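Take a look at the structure set out below.
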Amino acid sequence: MQTTKFIWFDGKMVPWEEAQVHVLTHALHYGSAIFEGIRAYACADGTSAVFRLEDHCKRMLNSAKILRMDLPYNAEELARACIETLEANKLPEGYIRPLSFVGRGEMGVYPGSNAVQTIIAVWPWGAYLGAEALEKGIRVKTSSFARSHVNTSMSKAKASGNYINSILAKIEAREDGYDEAVMLDTNGFVSEATGENIFIVRDGLIKTTPWTSILGGITRQSVMTVARDLGYAVEEQQFTRDEFYIADEAFFTGTAAELTPIRELDHRQIGQGHAGPVTKHLQAEFFKAVKGENPKYAGWLHHYTV
């Protein structure tokens, strides 16, 4: 991981190495934290822009509400702090990680009156699943771990503790020689990957799992908007893994994964075994949007200079 100079920590710029917490921090023991993953891109006009910054900050506040965490910042303040951190580190593009967590104080499951602390870190980060994956696609497997039931861990919160489920699935997939895992919900329908939303394309129709068992991805919603604007039919509809097997195309979306094609699931080739025409079209238009090359989506970009 490539480090940067400063981390924003409770309103102050702290040197990277000094951004530390106590070993008895509540979140370290119980996963009582929420976070966001956001990307900044170098744009065609020479500026830089954060993609859908305000939407990410609003989702973070919604996660806090679900987890009964009292954040001392509003969405505008969080957004401003993200920009300040990028500027302080002179980072024209990269990844942004805001994190709020229950700090040190009472020990035990109940967080009591422990203070909620917030950090924002930024660093350079390329394609999450590899640059080659954006073109050739990746190999995935159906995980033996189901996505948690919606009343188990509150799937609409981007909560740190929820990701134990993802960690187990990711380890299993990687140890079995795959790039990523597809997780089913507790009713057996395709849910999401360990950190990505899932789309399939079949007979000209683009399908993605509805909100029932997934985190509502901001990249997911963006790609759905772009696809509909391009004239594609898009439906939020449950589907099974055997329908996934016979899809013409499939891809993941996510802040880190961006728009990554899937070439194989459970030893079944998907379509032609590489990024298909719909996937390539959406991928190209998505990258135009995030890099400021399509004025239609200018409202999604928060520009800054370094």
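In the structure tokens, chains take letters A, B, ... by order of appearance, with residues numbered from 1 within each chain and ligands from 1 in the order shown.
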Subject >> Polymer residues at most 10 Å from segment 136-146 of chain A, only C-alpha atoms, same-chain spacing of 5 or more positions, as number ranges by chain >> reply: A: 129-131, 165-166, 168-170, 172-174, 176-194, 241, 250-252, 259-270, 273-276
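By chain and then residue number, the residues within 10 Å of segment 295-303 of chain A are Ala40, Tyr41, Ala42, Cys43, Thr47, Ser48, Ala49, Val50, Phe51, Arg52, Leu53, Glu54, Asp55, Ala79, Ile83, Ser222, Thr225, Val226, Asp229, Phe286, Lys288 and Ala289 of chain A, counting only C-alpha atoms and disregarding those fewer than 6 positions away in sequence.
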**OP:** Have a look at atom CA of Ala257 of chain A and atom CA of Met69 of chain A and let me know their distance in Å, one decimal.
**Re:**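 Atom CA of Met69 of chain A lies 28.1 Å from atom CA of Ala257 of chain A.
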Original post:
Would you give me, as a PyMOL selection string, the residues in segment 1-203 of chain A that DSSP reads as strand (DSSP E)?
Top reply: chain A and resi 6-9+12-15+33-35+38-42+48-51+94-102+116-123+138-142+180-184+190-193+197-202
Subject >> DSSP-assigned alpha helix (DSSP H) among segment 63-282 of chain A, expressed as a PyMOL selection string >> reply: chain A and resi 63-66+75-88+133-136+150-153+163-175+218-229+241-245+277-282
**OP:** List the neighbours of segment 1-8 of chain A out to 10 Å using only C-alpha atoms; skip same-chain residues closer than 3 positions along the sequence, and give me the result as a list of chain:residue names.
**Re:**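 Those residues are A:Gly11, A:Lys12, A:Met13, A:Val14, A:Pro15, A:Trp16, A:Glu17, A:Glu18, A:Ala19, A:Ala81, A:Cys82, A:Glu84, A:Thr85, A:Leu86, A:Ala88, A:Asn89, A:Lys90, A:Leu91, A:Arg97, A:Pro98, A:Thr118, A:Ile119, A:Ile120, A:Ala121, A:Val122, A:Trp123, A:Pro124, A:Trp125.
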Subject >> Contact residues around Asp248 of chain A with only C-alpha atoms at 9 Å, ignoring same-chain residues under 3 positions, as a list in words >> reply: Ile200, Val201, Arg202, Asp203, Gly204, Phe244, Tyr245, Ile270, Gly271, Gln272 and Gly276 of chain A
With N, CA and C atoms retained, write the just-selected residues as a CSV table (one decimal), in the first residue's frame.
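Now in selection-v8.csv:
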chain,number,residue,atom,x,y,z
A,200,ILE,N,-26.0,-9.0,-14.6
A,200,ILE,CA,-25.9,-10.0,-15.7
A,200,ILE,C,-26.7,-9.4,-16.9
A,201,VAL,N,-26.3,-9.8,-18.1
A,201,VAL,CA,-26.9,-9.4,-19.3
A,201,VAL,C,-27.4,-10.6,-20.0
A,202,ARG,N,-28.7,-10.7,-20.4
A,202,ARG,CA,-29.2,-11.9,-21.1
A,202,ARG,C,-30.3,-11.4,-22.0
A,203,ASP,N,-30.2,-11.8,-23.3
A,203,ASP,CA,-31.1,-11.5,-24.3
A,203,ASP,C,-31.4,-10.0,-24.4
A,204,GLY,N,-30.4,-9.2,-24.2
A,204,GLY,CA,-30.5,-7.7,-24.3
A,204,GLY,C,-31.0,-7.0,-23.0
A,244,PHE,N,-27.4,-17.1,-13.9
A,244,PHE,CA,-26.1,-16.4,-14.0
A,244,PHE,C,-25.2,-17.2,-15.0
A,245,TYR,N,-25.2,-18.6,-14.8
A,245,TYR,CA,-24.4,-19.4,-15.7
A,245,TYR,C,-24.7,-19.2,-17.2
A,270,ILE,N,-18.8,-17.6,-18.9
A,270,ILE,CA,-19.9,-16.6,-19.1
A,270,ILE,C,-19.8,-16.0,-20.5
A,271,GLY,N,-20.8,-16.2,-21.4
A,271,GLY,CA,-20.7,-15.7,-22.7
A,271,GLY,C,-19.6,-16.1,-23.5
A,272,GLN,N,-18.8,-15.2,-24.0
A,272,GLN,CA,-17.6,-15.5,-24.9
A,272,GLN,C,-16.3,-15.7,-24.0
A,276,GLY,N,-18.0,-8.6,-22.7
A,276,GLY,CA,-18.9,-8.6,-23.9
A,276,GLY,C,-19.2,-7.1,-24.4
Original post:
Could you state the separation of atom CA of Glu196 of chain A and atom CA of Pro277 of chain A in Å, given to one decimal place?
Top reply: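 Atom-to-atom, atom CA of Glu196 of chain A to atom CA of Pro277 of chain A, that is 20.8 Å.
Between atom CA of Val116 of chain A and atom CA of Val23 of chain A there is a distance of 15.4 Å.
Counting only C-alpha atoms, the residue from A:Ile34, A:Ile164, A:Met154, A:Ala233 that sits nearest to Leu215 of chain A is A:Met154.
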